[in-house]
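Enquirer: upload_24.txt is the file, holding compact mmCIF, C-alpha atoms and all ligand atoms:
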```txt
# COMPACT_ATOMS: atom_id res chain seq x y z
CA MET J 1 39.01 -37.65 -12.34
CA SER J 2 38.98 -34.21 -10.68
CA MET J 3 35.66 -32.45 -10.39
CA PRO J 4 34.92 -29.29 -12.43
CA ARG J 5 35.63 -26.02 -10.60
CA ILE J 6 32.46 -23.94 -10.66
CA ARG J 7 32.23 -20.39 -9.34
CA ILE J 8 28.79 -19.24 -8.18
CA VAL J 9 28.51 -15.46 -8.61
CA ALA J 10 25.53 -14.04 -6.72
CA THR J 11 23.77 -10.85 -7.81
CA GLY J 12 20.58 -10.91 -5.67
CA GLY J 13 16.98 -11.58 -6.72
CA THR J 14 14.17 -13.60 -5.21
CA ILE J 15 16.41 -16.66 -5.04
CA ALA J 16 18.12 -14.74 -2.20
CA GLY J 17 14.88 -13.16 -1.00
CA ALA J 18 13.74 -13.15 2.63
CA GLY J 19 10.24 -12.47 3.94
CA SER J 20 8.84 -12.42 7.47
CA ARG J 21 6.30 -15.26 6.96
CA PRO J 22 6.87 -18.63 5.26
CA GLN J 23 3.34 -18.36 3.80
CA SER J 24 4.29 -15.19 1.93
CA THR J 25 5.56 -15.58 -1.62
CA GLN J 26 4.93 -11.96 -2.64
CA VAL J 27 6.11 -9.78 0.26
CA TYR J 28 9.86 -10.07 0.84
CA ALA J 29 13.16 -8.31 0.27
CA SER J 30 15.02 -9.42 -2.88
CA GLY J 31 18.73 -10.19 -2.54
CA ALA J 32 18.67 -10.28 1.27
CA LEU J 33 20.61 -13.53 1.79
CA ASP J 34 24.30 -14.17 1.19
CA VAL J 35 25.40 -16.69 -1.44
CA LYS J 36 26.82 -18.90 1.34
CA ASP J 37 23.31 -19.19 2.83
CA LEU J 38 21.92 -20.18 -0.59
CA CYS J 39 24.52 -22.94 -0.96
CA ALA J 40 23.93 -24.17 2.60
CA ALA J 41 20.32 -24.93 1.59
CA VAL J 42 21.42 -27.25 -1.25
CA PRO J 43 22.50 -30.70 -0.07
CA GLY J 44 24.80 -32.53 -2.48
CA LEU J 45 26.21 -29.45 -4.21
CA ASN J 46 29.80 -30.49 -3.44
CA GLU J 47 29.20 -33.90 -5.05
CA LEU J 48 28.62 -32.14 -8.40
CA ALA J 49 31.62 -29.81 -8.49
CA GLN J 50 34.29 -27.99 -6.51
CA VAL J 51 32.15 -24.98 -5.73
CA GLU J 52 33.46 -21.53 -4.85
CA THR J 53 31.24 -18.51 -4.27
CA GLU J 54 31.34 -14.76 -4.51
CA GLN J 55 28.78 -12.08 -3.75
CA PHE J 56 28.93 -9.63 -6.67
CA ALA J 57 25.74 -7.66 -5.90
CA ALA J 58 22.49 -7.84 -3.90
CA LEU J 59 20.15 -6.39 -6.50
CA ASP J 60 16.45 -6.66 -7.20
CA SER J 61 16.80 -7.17 -10.95
CA LYS J 62 14.03 -4.69 -11.74
CA ASN J 63 16.75 -2.15 -10.85
CA ALA J 64 19.37 -3.62 -13.21
CA THR J 65 20.87 -1.17 -15.72
CA PRO J 66 23.22 -1.41 -18.71
CA ALA J 67 25.99 -0.19 -16.36
CA PHE J 68 25.26 -3.23 -14.14
CA TRP J 69 25.39 -5.57 -17.18
CA ARG J 70 28.80 -4.22 -18.12
CA ALA J 71 30.27 -4.37 -14.62
CA LEU J 72 29.03 -7.95 -14.25
CA ALA J 73 30.45 -8.91 -17.66
CA VAL J 74 33.86 -7.45 -16.75
CA ARG J 75 33.99 -9.59 -13.58
CA LEU J 76 32.71 -12.74 -15.32
CA GLN J 77 35.23 -12.29 -18.14
CA GLU J 78 38.06 -12.11 -15.55
CA LEU J 79 36.84 -15.38 -14.01
CA LEU J 80 36.42 -17.07 -17.40
CA ASP J 81 39.95 -16.07 -18.38
CA SER J 82 41.29 -17.81 -15.26
CA GLU J 83 42.55 -21.38 -15.56
CA ALA J 84 41.20 -22.02 -12.06
CA VAL J 85 37.57 -21.77 -13.24
CA ASP J 86 35.80 -24.33 -15.48
CA GLY J 87 32.35 -22.76 -15.48
CA LEU J 88 30.13 -20.13 -13.92
CA VAL J 89 26.71 -20.04 -12.29
CA VAL J 90 25.18 -16.58 -11.84
CA THR J 91 22.23 -16.16 -9.46
CA HIS J 92 19.96 -13.34 -10.63
CA GLY J 93 16.48 -11.91 -10.14
CA THR J 94 13.97 -13.21 -12.65
CA ASP J 95 12.42 -9.88 -13.69
CA THR J 96 15.21 -8.90 -16.08
CA LEU J 97 17.22 -12.13 -16.06
CA GLU J 98 16.61 -12.63 -19.78
CA GLU J 99 18.13 -9.25 -20.66
CA THR J 100 21.28 -9.79 -18.60
CA ALA J 101 21.59 -13.33 -20.00
CA TYR J 102 21.34 -12.16 -23.62
CA TYR J 103 23.82 -9.32 -23.06
CA LEU J 104 26.33 -11.79 -21.56
CA HIS J 105 25.60 -14.23 -24.42
CA LEU J 106 26.66 -11.52 -26.89
CA VAL J 107 29.74 -10.11 -25.11
CA LEU J 108 31.55 -12.82 -23.08
CA LYS J 109 34.56 -14.25 -24.88
CA THR J 110 34.50 -17.87 -23.80
CA ARG J 111 33.53 -21.43 -24.59
CA LYS J 112 33.13 -22.33 -20.90
CA PRO J 113 29.61 -22.91 -19.52
CA VAL J 114 27.87 -19.85 -18.06
CA VAL J 115 24.49 -20.61 -16.47
CA LEU J 116 22.07 -18.04 -15.02
CA VAL J 117 19.55 -19.12 -12.41
CA GLY J 118 16.85 -17.56 -10.26
CA ALA J 119 13.74 -18.50 -8.36
CA MET J 120 10.12 -17.41 -8.16
CA ARG J 121 9.69 -17.98 -4.43
CA PRO J 122 11.89 -16.34 -1.79
CA ALA J 123 14.29 -18.57 0.13
CA THR J 124 12.12 -18.22 3.28
CA ALA J 125 8.86 -19.37 1.59
CA LEU J 126 7.14 -22.71 1.97
CA SER J 127 8.50 -24.94 -0.85
CA PRO J 128 11.13 -22.51 -2.19
CA ASP J 129 12.20 -23.33 -5.76
CA GLY J 130 15.65 -21.74 -5.45
CA PRO J 131 17.62 -24.65 -3.92
CA LEU J 132 16.65 -27.17 -6.62
CA ASN J 133 17.13 -24.59 -9.38
CA LEU J 134 20.63 -23.88 -7.98
CA PHE J 135 21.43 -27.59 -7.79
CA ASN J 136 20.32 -27.93 -11.42
CA ALA J 137 22.32 -24.88 -12.54
CA VAL J 138 25.52 -26.28 -11.02
CA THR J 139 24.73 -29.64 -12.66
CA VAL J 140 24.54 -27.91 -16.05
CA ALA J 141 27.66 -25.75 -15.52
CA ALA J 142 29.62 -28.86 -14.52
CA ALA J 143 28.55 -30.80 -17.65
CA ALA J 144 31.30 -30.96 -20.31
CA GLU J 145 28.65 -30.83 -23.09
CA ALA J 146 27.43 -27.44 -21.83
CA ALA J 147 30.57 -25.89 -23.34
CA ASP J 148 30.13 -23.59 -26.34
CA ARG J 149 26.34 -23.39 -26.13
CA GLY J 150 26.45 -19.72 -25.18
CA VAL J 151 24.89 -18.43 -21.99
CA LEU J 152 22.24 -20.73 -20.58
CA ILE J 153 19.36 -20.32 -18.13
CA ALA J 154 18.51 -23.23 -15.81
CA PHE J 155 14.96 -22.98 -14.53
CA ASN J 156 12.45 -25.54 -13.25
CA HIS J 157 14.23 -28.49 -14.96
CA GLY J 158 14.51 -26.64 -18.29
CA ILE J 159 17.80 -25.47 -19.85
CA PHE J 160 17.09 -22.46 -22.04
CA GLY J 161 19.28 -20.55 -24.47
CA ALA J 162 19.83 -16.90 -23.55
CA ARG J 163 18.66 -15.74 -26.99
CA ASP J 164 15.21 -17.29 -26.84
CA ALA J 165 14.29 -17.61 -23.16
CA THR J 166 11.76 -15.25 -21.66
CA LYS J 167 9.81 -14.94 -18.43
CA VAL J 168 6.27 -15.99 -19.29
CA ASN J 169 4.57 -16.03 -15.90
CA ALA J 170 4.56 -13.58 -13.00
CA ASN J 171 4.08 -16.11 -10.18
CA ARG J 172 4.56 -19.78 -10.98
CA PRO J 173 7.85 -21.72 -10.62
CA ASP J 174 7.67 -22.69 -14.33
CA ALA J 175 8.17 -19.03 -15.19
CA PHE J 176 10.62 -19.40 -18.10
CA ALA J 177 10.06 -20.69 -21.62
CA ALA J 178 11.48 -20.30 -25.11
CA PRO J 179 8.25 -19.68 -27.08
CA ASN J 180 9.75 -20.03 -30.56
CA GLY J 181 12.03 -23.02 -30.21
CA GLY J 182 11.64 -24.69 -26.82
CA PRO J 183 14.40 -25.55 -24.34
CA LEU J 184 17.94 -26.57 -25.34
CA GLY J 185 17.90 -29.35 -22.77
CA LEU J 186 16.49 -30.78 -19.56
CA VAL J 187 18.12 -31.30 -16.17
CA GLN J 188 16.96 -33.64 -13.44
CA ASP J 189 18.54 -35.49 -10.51
CA GLY J 190 22.09 -34.52 -11.52
CA CYS J 191 21.66 -35.60 -15.18
CA VAL J 192 21.48 -33.40 -18.27
CA SER J 193 19.72 -34.34 -21.55
CA TRP J 194 20.51 -32.06 -24.48
CA LEU J 195 17.94 -31.33 -27.18
CA ALA J 196 19.47 -28.55 -29.31
CA ARG J 197 22.35 -26.10 -29.82
CA PRO J 198 22.02 -22.37 -30.43
CA ASP J 199 22.59 -21.74 -34.14
CA ARG J 200 23.22 -17.95 -34.08
CA MET J 201 26.51 -16.17 -33.33
CA HIS J 202 27.27 -15.83 -29.63
CA THR J 203 30.09 -15.30 -27.10
CA HIS J 204 33.51 -15.81 -28.80
CA ALA J 205 32.00 -15.49 -32.32
CA THR J 206 30.54 -11.98 -31.99
CA ARG J 207 32.23 -8.62 -32.59
CA PHE J 208 30.95 -7.36 -29.21
CA SER J 209 32.68 -7.35 -25.83
CA CYS J 210 32.16 -5.78 -22.41
CA ASP J 211 34.04 -2.74 -23.80
CA THR J 212 31.39 -2.08 -26.48
CA PRO J 213 29.54 1.16 -25.62
CA LEU J 214 25.79 0.87 -24.96
CA PRO J 215 23.98 3.94 -26.37
CA PRO J 216 20.40 4.47 -25.18
CA VAL J 217 17.62 2.63 -27.04
CA GLU J 218 13.96 2.73 -25.98
CA VAL J 219 11.02 0.32 -26.46
CA LEU J 220 7.43 1.33 -27.27
CA VAL J 221 4.37 -0.90 -27.67
CA GLY J 222 1.64 -0.57 -30.30
CA TYR J 223 -2.02 -0.82 -29.24
CA ALA J 224 -5.38 0.43 -30.50
CA GLY J 225 -5.36 4.21 -30.42
CA ALA J 226 -1.72 4.51 -29.28
CA SER J 227 -0.51 8.11 -29.26
CA ALA J 228 2.18 9.02 -31.79
CA ALA J 229 3.33 11.69 -29.30
CA LEU J 230 5.24 9.01 -27.34
CA ILE J 231 7.16 8.05 -30.49
CA ASP J 232 8.06 11.70 -31.11
CA ALA J 233 9.14 11.96 -27.45
CA VAL J 234 11.68 9.18 -28.01
CA GLY J 235 13.17 11.30 -30.79
CA ALA J 236 13.43 14.23 -28.39
CA CYS J 237 14.95 12.36 -25.42
CA GLY J 238 18.39 11.61 -26.83
CA ALA J 239 17.75 7.94 -27.69
CA ARG J 240 19.77 6.52 -30.58
CA GLY J 241 17.19 3.89 -31.44
CA LEU J 242 13.64 2.64 -30.88
CA ILE J 243 12.34 -0.91 -30.73
CA TRP J 244 8.75 -0.98 -31.94
CA ALA J 245 6.82 -3.83 -30.26
CA GLY J 246 4.07 -3.72 -32.83
CA THR J 247 0.70 -5.39 -33.06
CA GLY J 248 0.62 -8.79 -34.82
CA ASN J 249 3.35 -8.94 -37.43
CA GLY J 250 5.15 -5.91 -35.96
CA SER J 251 2.67 -3.57 -37.61
CA ALA J 252 2.04 0.10 -36.82
CA SER J 253 -1.01 2.34 -37.33
CA LYS J 254 -0.90 5.13 -39.93
CA GLU J 255 -0.15 7.72 -37.24
CA ALA J 256 2.49 5.56 -35.57
CA LEU J 257 4.12 4.78 -38.90
CA ALA J 258 4.40 8.46 -39.79
CA ALA J 259 6.04 9.15 -36.42
CA LEU J 260 8.40 6.16 -36.84
CA ASP J 261 9.37 7.54 -40.26
CA ARG J 262 10.21 10.87 -38.59
CA LEU J 263 12.54 9.04 -36.18
CA ARG J 264 14.31 7.28 -39.07
CA ALA J 265 14.66 10.59 -40.91
CA ALA J 266 16.27 12.02 -37.77
CA GLY J 267 18.85 9.19 -37.86
CA LEU J 268 17.52 6.84 -35.17
CA ALA J 269 17.68 3.08 -35.69
CA VAL J 270 14.09 1.76 -35.78
CA VAL J 271 13.58 -2.00 -35.36
CA ARG J 272 10.26 -3.79 -35.41
CA THR J 273 9.29 -6.75 -33.20
CA THR J 274 5.96 -8.20 -32.13
CA ARG J 275 4.03 -7.67 -28.93
CA THR J 276 2.52 -11.18 -29.28
CA GLY J 277 5.38 -13.00 -27.53
CA SER J 278 6.36 -15.26 -30.42
CA GLY J 279 6.69 -15.39 -34.19
CA CYS J 280 9.21 -14.06 -36.70
CA ILE J 281 9.16 -10.40 -37.82
CA PRO J 282 10.85 -9.57 -41.13
CA ALA J 283 12.01 -6.13 -42.21
CA GLY J 284 9.11 -4.00 -43.45
CA GLN J 285 7.39 -0.61 -43.32
CA GLY J 286 10.88 0.89 -43.53
CA MET J 287 12.01 -0.81 -40.31
CA VAL J 288 14.70 -3.37 -39.60
CA GLY J 289 13.10 -6.74 -38.67
CA ALA J 290 14.14 -8.39 -35.40
CA GLY J 291 13.16 -11.91 -36.59
CA THR J 292 12.40 -14.11 -33.58
CA LEU J 293 13.95 -11.79 -30.95
CA SER J 294 11.67 -10.34 -28.28
CA PRO J 295 11.48 -6.53 -27.96
CA TRP J 296 13.77 -6.59 -24.88
CA LYS J 297 16.39 -8.78 -26.56
CA ALA J 298 16.17 -6.67 -29.73
CA ARG J 299 16.97 -3.64 -27.56
CA VAL J 300 20.11 -5.30 -26.18
CA LEU J 301 21.31 -6.27 -29.66
CA THR J 302 20.54 -2.81 -31.09
CA MET J 303 22.47 -1.09 -28.27
CA LEU J 304 25.51 -3.28 -28.92
CA ALA J 305 25.23 -2.91 -32.70
CA LEU J 306 25.03 0.88 -32.41
CA GLY J 307 27.94 0.85 -29.97
CA ALA J 308 29.96 -1.18 -32.49
CA GLY J 309 29.17 1.25 -35.32
CA CYS J 310 26.62 -1.01 -37.09
CA GLY J 311 23.65 1.38 -37.04
CA GLU J 312 23.24 1.79 -40.80
CA PRO J 313 19.96 -0.05 -41.61
CA GLN J 314 21.37 -2.73 -43.96
CA LEU J 315 24.24 -3.47 -41.62
CA LEU J 316 21.91 -3.54 -38.62
CA GLN J 317 19.61 -5.96 -40.48
CA SER J 318 22.56 -8.28 -41.13
CA VAL J 319 23.41 -8.16 -37.39
CA PHE J 320 19.82 -9.23 -36.62
CA ASP J 321 19.96 -11.97 -39.25
CA THR J 322 23.09 -13.54 -37.74
CA HIS J 323 22.78 -13.08 -33.95
N1 LIG J 401 11.94 -8.71 -8.35
C1 LIG J 401 12.73 -9.92 -8.31
C2 LIG J 401 14.01 -9.69 -9.09
O1 LIG J 401 13.96 -9.68 -10.28
C3 LIG J 401 11.94 -11.04 -8.87
C4 LIG J 401 12.64 -12.36 -8.89
O2 LIG J 401 13.82 -12.50 -8.68
O3 LIG J 401 11.93 -13.35 -9.16
O4 LIG J 401 15.05 -9.50 -8.50
```
Take the structure from the file and write it as structure tokens.
Expert:
Amino acid sequence: MSMPRIRIVATGGTIAGAGSRPQSTQVYASGALDVKDLCAAVPGLNELAQVETEQFAALDSKNATPAFWRALAVRLQELLDSEAVDGLVVTHGTDTLEETAYYLHLVLKTRKPVVLVGAMRPATALSPDGPLNLFNAVTVAAAAEAADRGVLIAFNHGIFGARDATKVNANRPDAFAAPNGGPLGLVQDGCVSWLARPDRMHTHATRFSCDTPLPPVEVLVGYAGASAALIDAVGACGARGLIWAGTGNGSASKEALAALDRLRAAGLAVVRTTRTGSGCIPAGQGMVGAGTLSPWKARVLTMLALGAGCGEPQLLQSVFDTH
């Protein structure tokens, strides 16, 4: 049987990071190494798949933008449409990996596996985590059962769904988790064990594509004594929507609520989420409820929904209830 043909598309990040001292895990340049160097550090990669590589970008993902998401999606869609590619692995910085992953999860038109991967330690560090994470990502992308599970994230032996995965630690190699539902599977020593499938609309089932415009949407966090002036500033800066990362159950103080009402009256989409990191936020206080989506994922979905003409509150709520 011929091996799956997997394309590794590199975009930068710590997985390609280089520092001057092996003891240093914090001081290094992100995206310094070429994808060929990353693959050279992974023995056994060619026993998993026929691997091809391409260097798409050399970005520190803290600098990623919606324009970068779209350009990446256009290239990945070209590859996915090709009969010469069975699956994709995308190397990416961890800081905003979850946002890129969720955007791709919503716009790529495919059933083929797409797996994002990163690392917490630069490639030059003592005990780098990148090579094993890359080996595991190719293992997942080459697995027939990875098809039609949407965009996946392979990290530290976990396989996470793009909708629910989030970076939960700033330093440790077990930096990713899915706080509401757990991982979709596990990967170890070239074997994959599946635990769950994503049950919301993704990839080929959504109305979004890489052509959907991405109007600006901001995120603000609630905290004791938060100034309502920042909420009014969002109304004045040209944003089309605001994600409210509220206290507890997505709540807002009296002053914040009055300012959020002013935004809604001015025609902005206002969606509430929680700053707690997990839980399910229903509609309330006049705001659309993001359910179990994090504030950053809710922003991605709101941008796409607004770009697709689904900004009216009831319609936007139904988008949140199904994606
Ligand atoms: N700043 C890096 C990035 O996101 C962090 C990482 O990759 O872990 O590109």
Enquirer: How close does each residue of chain J get to ligand LIG 401 (chain J), giving the shortest atom pair and distance in Å to one decimal for every residue with an atom at most 12 Å away, counting all atoms listed in the file, sorted by chain and residue number, as a Markdown table?
Expert:
```
| residue | atom | partner | partner_atom | distance |
| --- | --- | --- | --- | --- |
| J:Ala10 | CA | J:LIG401 | O4 | 11.6 |
| J:Thr11 | CA | J:LIG401 | O4 | 8.9 |
| J:Gly12 | CA | J:LIG401 | O4 | 6.4 |
| J:Gly13 | CA | J:LIG401 | O4 | 3.3 |
| J:Thr14 | CA | J:LIG401 | O2 | 3.7 |
| J:Ile15 | CA | J:LIG401 | O2 | 6.1 |
| J:Ala16 | CA | J:LIG401 | O2 | 8.1 |
| J:Gly17 | CA | J:LIG401 | O2 | 7.8 |
| J:Ala18 | CA | J:LIG401 | O2 | 11.3 |
| J:Thr25 | CA | J:LIG401 | O3 | 10.1 |
| J:Gln26 | CA | J:LIG401 | C3 | 9.4 |
| J:Val27 | CA | J:LIG401 | N1 | 10.5 |
| J:Tyr28 | CA | J:LIG401 | N1 | 9.5 |
| J:Ala29 | CA | J:LIG401 | N1 | 8.7 |
| J:Ser30 | CA | J:LIG401 | O4 | 5.6 |
| J:Gly31 | CA | J:LIG401 | O4 | 7.0 |
| J:Ala32 | CA | J:LIG401 | O4 | 10.4 |
| J:Ala57 | CA | J:LIG401 | O4 | 11.2 |
| J:Ala58 | CA | J:LIG401 | O4 | 8.9 |
| J:Leu59 | CA | J:LIG401 | O4 | 6.3 |
| J:Asp60 | CA | J:LIG401 | O4 | 3.4 |
| J:Ser61 | CA | J:LIG401 | O4 | 3.8 |
| J:Lys62 | CA | J:LIG401 | O1 | 5.2 |
| J:Asn63 | CA | J:LIG401 | O4 | 7.9 |
| J:Ala64 | CA | J:LIG401 | O1 | 8.6 |
| J:Thr91 | CA | J:LIG401 | O2 | 9.2 |
| J:His92 | CA | J:LIG401 | O2 | 6.5 |
| J:Gly93 | CA | J:LIG401 | O2 | 3.1 |
| J:Thr94 | CA | J:LIG401 | O2 | 4.0 |
| J:Asp95 | CA | J:LIG401 | O1 | 3.7 |
| J:Thr96 | CA | J:LIG401 | O1 | 6.0 |
| J:Leu97 | CA | J:LIG401 | O1 | 7.1 |
| J:Glu98 | CA | J:LIG401 | O1 | 10.3 |
| J:Glu99 | CA | J:LIG401 | O1 | 11.2 |
| J:Thr100 | CA | J:LIG401 | O1 | 11.1 |
| J:Leu116 | CA | J:LIG401 | O2 | 11.8 |
| J:Val117 | CA | J:LIG401 | O2 | 9.5 |
| J:Gly118 | CA | J:LIG401 | O2 | 6.1 |
| J:Ala119 | CA | J:LIG401 | O3 | 5.5 |
| J:Met120 | CA | J:LIG401 | O3 | 4.6 |
| J:Arg121 | CA | J:LIG401 | O3 | 7.0 |
| J:Pro122 | CA | J:LIG401 | O3 | 8.0 |
| J:Ala123 | CA | J:LIG401 | O2 | 10.7 |
| J:Pro128 | CA | J:LIG401 | O3 | 11.5 |
| J:Asp129 | CA | J:LIG401 | O3 | 10.5 |
| J:Gly130 | CA | J:LIG401 | O3 | 9.9 |
| J:Phe155 | CA | J:LIG401 | O3 | 11.4 |
| J:Lys167 | CA | J:LIG401 | O3 | 9.6 |
| J:Val168 | CA | J:LIG401 | O3 | 11.9 |
| J:Asn169 | CA | J:LIG401 | O3 | 10.3 |
| J:Ala170 | CA | J:LIG401 | O3 | 8.3 |
| J:Asn171 | CA | J:LIG401 | O3 | 8.4 |
| J:Arg172 | CA | J:LIG401 | O3 | 9.9 |
| J:Pro173 | CA | J:LIG401 | O3 | 9.4 |
| J:Asp174 | CA | J:LIG401 | O3 | 11.5 |
| J:Ala175 | CA | J:LIG401 | O3 | 9.1 |
| J:Phe176 | CA | J:LIG401 | O3 | 10.9 |
```
Enquirer: Just want the 12 Å neighbourhood of range 260-265 of chain J, counted on all atoms listed in the file, with same-chain residues fewer than 3 positions away dropped. Output as a PDB file with C-alpha atoms, in the frame of the given file.
Expert:
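Writing done, so here's result_3.pdb:
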```
ATOM      1  CA  LEU J 220       7.430   1.330 -27.270  1.00  0.00           C
ATOM      2  CA  GLY J 222       1.640  -0.570 -30.300  1.00  0.00           C
ATOM      3  CA  SER J 227      -0.510   8.110 -29.260  1.00  0.00           C
ATOM      4  CA  ALA J 228       2.180   9.020 -31.790  1.00  0.00           C
ATOM      5  CA  ALA J 229       3.330  11.690 -29.300  1.00  0.00           C
ATOM      6  CA  LEU J 230       5.240   9.010 -27.340  1.00  0.00           C
ATOM      7  CA  ILE J 231       7.160   8.050 -30.490  1.00  0.00           C
ATOM      8  CA  ASP J 232       8.060  11.700 -31.110  1.00  0.00           C
ATOM      9  CA  ALA J 233       9.140  11.960 -27.450  1.00  0.00           C
ATOM     10  CA  VAL J 234      11.680   9.180 -28.010  1.00  0.00           C
ATOM     11  CA  GLY J 235      13.170  11.300 -30.790  1.00  0.00           C
ATOM     12  CA  ALA J 236      13.430  14.230 -28.390  1.00  0.00           C
ATOM     13  CA  CYS J 237      14.950  12.360 -25.420  1.00  0.00           C
ATOM     14  CA  GLY J 238      18.390  11.610 -26.830  1.00  0.00           C
ATOM     15  CA  ALA J 239      17.750   7.940 -27.690  1.00  0.00           C
ATOM     16  CA  ARG J 240      19.770   6.520 -30.580  1.00  0.00           C
ATOM     17  CA  GLY J 241      17.190   3.890 -31.440  1.00  0.00           C
ATOM     18  CA  LEU J 242      13.640   2.640 -30.880  1.00  0.00           C
ATOM     19  CA  ILE J 243      12.340  -0.910 -30.730  1.00  0.00           C
ATOM     20  CA  TRP J 244       8.750  -0.980 -31.940  1.00  0.00           C
ATOM     21  CA  GLY J 246       4.070  -3.720 -32.830  1.00  0.00           C
ATOM     22  CA  SER J 251       2.670  -3.570 -37.610  1.00  0.00           C
ATOM     23  CA  ALA J 252       2.040   0.100 -36.820  1.00  0.00           C
ATOM     24  CA  SER J 253      -1.010   2.340 -37.330  1.00  0.00           C
ATOM     25  CA  LYS J 254      -0.900   5.130 -39.930  1.00  0.00           C
ATOM     26  CA  GLU J 255      -0.150   7.720 -37.240  1.00  0.00           C
ATOM     27  CA  ALA J 256       2.490   5.560 -35.570  1.00  0.00           C
ATOM     28  CA  LEU J 257       4.120   4.780 -38.900  1.00  0.00           C
ATOM     29  CA  LEU J 268      17.520   6.840 -35.170  1.00  0.00           C
ATOM     30  CA  ALA J 269      17.680   3.080 -35.690  1.00  0.00           C
ATOM     31  CA  VAL J 270      14.090   1.760 -35.780  1.00  0.00           C
ATOM     32  CA  VAL J 271      13.580  -2.000 -35.360  1.00  0.00           C
ATOM     33  CA  ARG J 272      10.260  -3.790 -35.410  1.00  0.00           C
ATOM     34  CA  GLY J 284       9.110  -4.000 -43.450  1.00  0.00           C
ATOM     35  CA  GLN J 285       7.390  -0.610 -43.320  1.00  0.00           C
ATOM     36  CA  GLY J 286      10.880   0.890 -43.530  1.00  0.00           C
ATOM     37  CA  MET J 287      12.010  -0.810 -40.310  1.00  0.00           C
ATOM     38  CA  VAL J 288      14.700  -3.370 -39.600  1.00  0.00           C
ATOM     39  CA  GLY J 311      23.650   1.380 -37.040  1.00  0.00           C
ATOM     40  CA  GLU J 312      23.240   1.790 -40.800  1.00  0.00           C
ATOM     41  CA  PRO J 313      19.960  -0.050 -41.610  1.00  0.00           C
TER      42      PRO J 313
END
```
Enquirer: Can you list every residue of range 109-155 of chain J that has an atom at most 12 Å from range 196-199 of chain J, with its nearest atom pair and the distance in Å to one decimal, using all atoms listed in the file, ordered by chain then number, as CSV?
Expert:
```
residue,atom,partner,partner_atom,distance
J:Glu145,CA,J:Arg197,CA,10.4
J:Ala146,CA,J:Arg197,CA,9.6
J:Ala147,CA,J:Arg197,CA,10.5
J:Asp148,CA,J:Arg197,CA,8.9
J:Arg149,CA,J:Arg197,CA,6.1
J:Gly150,CA,J:Pro198,CA,7.4
J:Val151,CA,J:Pro198,CA,9.7
J:Leu152,CA,J:Pro198,CA,10.0
```
Enquirer: Can you tell me how far CA of Leu315 in chain J sits from CA of Leu106 in chain J, in Å to one decimal?
Expert: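 Those two atoms sit 17.0 Å apart.
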Enquirer: Distance CA of Gly291 in chain J-CA of Lys109 in chain J, one decimal place?
Expert: 24.5 Å
Enquirer: Quick one: pull the distance between CA of Gly158 in chain J and CA of Asn180 in chain J, Å, one decimal.
Expert: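 It comes out at 14.7 Å.
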Enquirer: Ranking J:His204, J:Arg299, J:Lys36, J:Arg111 by minimum distance to Gln55 in chain J and counting all atoms listed in the file, which one comes first?
Expert: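 Result for the nearest residue to Gln55 in chain J: J:Lys36.
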Enquirer: Draw an axis-aligned box over all listed atoms of range 145-158 of chain J, pad each side with 3 Å, and write its centre and edge lengths in Å, one decimal, as AutoDock Vina command-line options.
Expert:
```
--center_x 21.5 --center_y -24.6 --center_z -19.8 --size_x 24.1 --size_y 18.4 --size_z 19.1
```
Enquirer: Which polymer residues, protein or nucleic acid, are no farther than 10 Å from (19.9, -27.1, -10.7), counting all atoms listed in the file, as a ChimeraX atom specification?
Expert: /J:42,45,89,115,117,129-141,154-159,187-192
Enquirer: Restricting it to C-alpha atoms, dump the selection as a compact mmCIF listing (two decimals), in the frame of the given file.
Expert:
```txt
# COMPACT_ATOMS: atom_id res chain seq x y z
CA VAL J 42 21.42 -27.25 -1.25
CA LEU J 45 26.21 -29.45 -4.21
CA VAL J 89 26.71 -20.04 -12.29
CA VAL J 115 24.49 -20.61 -16.47
CA VAL J 117 19.55 -19.12 -12.41
CA ASP J 129 12.20 -23.33 -5.76
CA GLY J 130 15.65 -21.74 -5.45
CA PRO J 131 17.62 -24.65 -3.92
CA LEU J 132 16.65 -27.17 -6.62
CA ASN J 133 17.13 -24.59 -9.38
CA LEU J 134 20.63 -23.88 -7.98
CA PHE J 135 21.43 -27.59 -7.79
CA ASN J 136 20.32 -27.93 -11.42
CA ALA J 137 22.32 -24.88 -12.54
CA VAL J 138 25.52 -26.28 -11.02
CA THR J 139 24.73 -29.64 -12.66
CA VAL J 140 24.54 -27.91 -16.05
CA ALA J 141 27.66 -25.75 -15.52
CA ALA J 154 18.51 -23.23 -15.81
CA PHE J 155 14.96 -22.98 -14.53
CA ASN J 156 12.45 -25.54 -13.25
CA HIS J 157 14.23 -28.49 -14.96
CA GLY J 158 14.51 -26.64 -18.29
CA ILE J 159 17.80 -25.47 -19.85
CA VAL J 187 18.12 -31.30 -16.17
CA GLN J 188 16.96 -33.64 -13.44
CA ASP J 189 18.54 -35.49 -10.51
CA GLY J 190 22.09 -34.52 -11.52
CA CYS J 191 21.66 -35.60 -15.18
CA VAL J 192 21.48 -33.40 -18.27
```
Enquirer: May I ask which of the residues J:Cys310, J:Val219, J:Ala144, J:Ala224 is the closest one to Ala298 in chain J, counting all atoms listed in the file?
Expert: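 Of the candidates, the smallest distance to Ala298 in chain J is held by J:Val219.
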Enquirer: Do a neighbour search on Gly248 in chain J at 10 Å with all atoms listed in the file, toss out local chain neighbours closer than 6 positions, and write the hits as a ChimeraX atom specification.
Expert: /J:222,273-279,281
Enquirer: Kindly export the residues of the current selection with C-alpha atoms, as a CSV table (one decimal), in the frame of the given file.
Expert:
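Output file result.csv follows:
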```csv
chain,number,residue,atom,x,y,z
J,222,GLY,CA,1.6,-0.6,-30.3
J,273,THR,CA,9.3,-6.8,-33.2
J,274,THR,CA,6.0,-8.2,-32.1
J,275,ARG,CA,4.0,-7.7,-28.9
J,276,THR,CA,2.5,-11.2,-29.3
J,277,GLY,CA,5.4,-13.0,-27.5
J,278,SER,CA,6.4,-15.3,-30.4
J,279,GLY,CA,6.7,-15.4,-34.2
J,281,ILE,CA,9.2,-10.4,-37.8
```
